[in-house]
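Here is the structure we will look at, set down as structure tokens.
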Amino acid sequence: MKKIAISFSFLLFSAAAVTAADDPIAVRQALMQANAASAGAASAMLKGEMDYNPVVAKAAIATFHSTAEAMGDFFPEGSNVGETRAAPAIWENPDAFRETLAKFRTDAAAAVEASGRDGPADLEAFRLAVMPVLSNCSACHENFRLEDD
Ligand code: HEC
């Protein structure tokens, strides 16, 4: 049984490794699309265009958290070329990129903490939890994402 469990987890690990190695650009862009969808839902509620819903709020925060935890693995050396807007600064100044990413992770983890089991109780609680997380989007893009052509 133990042997089966080990080989199964090895299989999962190698599948993930192959996917990332195959196309890290596609994976990180997909993670960013999930960020964008969640930011869209969050800002619709913050602007009052959509009724506040703690379940949606919690889902948005959970997405930011998982993206923040995952994205660091998808910027390997050499993935600066191709269909990507990732800026050369990511590889030229890796410490600064790591710090920027670490702040996103910290803020997202704090929002998860604040949102509790059932999501933030009301719109104001959601605003307090999510605004710091959202500030990371443009902060990172400014330095580490190339402008549109
Ligand atoms: C730590 C840095 C960082 C943070 C934080 C970050 N992004 Fe990004 N984002 C990037 C980089 C780098 C790219 C370019 C990726 C590529 O083209 O390979 C990108 C690309 C994108 C894209 C374009 C994806 C595509 O399909 O080409 C969207 C949309 C996006 N980000 C939204 C967001 C939102 C919304 C947030 C905040 C919730 C966010 N990002 C937070 C670094 C970041």
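Starting from 1 in every chain, residues are counted up; chains themselves are A, B, ... following the order of the structure tokens, and ligands are numbered from 1 as listed.
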Closest contacts (segment 8-109 of chain A/segment 125-140 of chain A, max 7 Å, only C-alpha atoms) as a Markdown table:
```
| residue | atom | partner | partner_atom | distance |
| --- | --- | --- | --- | --- |
| A:Leu46 | CA | A:Arg127 | CA | 6.8 |
| A:Ala57 | CA | A:Phe126 | CA | 6.9 |
| A:Thr100 | CA | A:Cys140 | CA | 6.4 |
| A:Phe104 | CA | A:Asn136 | CA | 5.8 |
| A:Asp107 | CA | A:Val133 | CA | 5.3 |
| A:Ala108 | CA | A:Val133 | CA | 5.6 |
```
*Please identify the residues whose atoms come within 6 Å of ligand 1, using only C-alpha atoms and all ligand atoms, and report them as a list in words.*
Ile25, Gln29, Met32, Gln33, Asn35, Ala36, Ala39, Phe64, Thr84, Arg85, Ala86, Thr100, Leu101, Phe104, Leu134, Asn136, Cys137, Cys140, His141, Phe144 and Arg145 of chain A
*asked:* Using only C-alpha atoms, can you tell me which of A:Ala37, A:Ala59, A:Met45, A:Ala30 comes closest to Arg117 of chain A?
replied: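 Result for the nearest residue to Arg117 of chain A: A:Ala59.
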*Do a neighbour search on Val55 of chain A at 9 Å with only C-alpha atoms, toss out local chain neighbours closer than 4 positions, and write the hits as a list in words.*
Ala59, Ala60, Asp118, Gly119 and Pro120 of chain A
Selection export as a PDB file, in the first residue's frame, atoms kept: N, CA, C and O atoms:
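Final output, out.pdb:
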```pdb
ATOM      1  N   ALA A  59     -14.170  33.240  -2.280  1.00  0.00           N
ATOM      2  CA  ALA A  59     -13.587  32.578  -3.453  1.00  0.00           C
ATOM      3  C   ALA A  59     -12.524  33.467  -4.097  1.00  0.00           C
ATOM      4  O   ALA A  59     -11.463  32.984  -4.519  1.00  0.00           O
ATOM      5  N   ALA A  60     -12.783  34.770  -4.167  1.00  0.00           N
ATOM      6  CA  ALA A  60     -11.808  35.687  -4.766  1.00  0.00           C
ATOM      7  C   ALA A  60     -10.528  35.702  -3.939  1.00  0.00           C
ATOM      8  O   ALA A  60      -9.418  35.580  -4.476  1.00  0.00           O
ATOM      9  N   ASP A 118     -16.510  31.623   6.784  1.00  0.00           N
ATOM     10  CA  ASP A 118     -17.676  31.900   5.938  1.00  0.00           C
ATOM     11  C   ASP A 118     -17.499  33.101   5.029  1.00  0.00           C
ATOM     12  O   ASP A 118     -18.454  33.576   4.431  1.00  0.00           O
ATOM     13  N   GLY A 119     -16.265  33.606   4.939  1.00  0.00           N
ATOM     14  CA  GLY A 119     -16.048  34.802   4.128  1.00  0.00           C
ATOM     15  C   GLY A 119     -16.260  36.046   4.977  1.00  0.00           C
ATOM     16  O   GLY A 119     -16.887  35.984   6.034  1.00  0.00           O
ATOM     17  N   PRO A 120     -15.720  37.203   4.524  1.00  0.00           N
ATOM     18  CA  PRO A 120     -15.874  38.452   5.281  1.00  0.00           C
ATOM     19  C   PRO A 120     -17.358  38.746   5.527  1.00  0.00           C
ATOM     20  O   PRO A 120     -18.183  38.581   4.623  1.00  0.00           O
TER      21      PRO A 120
END
```
*Skip Thr63 of chain A itself and residues of its chain fewer than 2 positions away, then list as a list in words all residues within 9 Å of it, counting only C-alpha atoms.*
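Here the qualifying residues turn out to be Leu31, Ala34, Asn35, Ser38, Lys58, Ala59, Ala60, Ile61, His65, Ser66, Thr67 and Ala68 of chain A.
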_From a backbone DSSP assignment, name each residue in chain A labelled alpha helix (DSSP H), as a VMD selection string._
chain A and resid 2 to 22 24 to 46 54 to 70 89 to 92 94 to 115 123 to 144
*Between A:Glu147, A:Asp122, A:Ala42, A:Ala62, single out the one closest to Ala110 of chain A, counting only C-alpha atoms.*
A:Ala62
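Distances here use only C-alpha atoms; by that measure, the residue among A:Val81, A:Ala44, A:Val56, A:Ala70 closest to Asp23 of chain A is A:Val81.
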*asked:* When you count only C-alpha atoms, which of these residues is closest to Thr106 of chain A: A:Asn143, A:Val27, A:Glu69, A:Ala41?
replied: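 Smallest separation from Thr106 of chain A among the options: A:Glu69.
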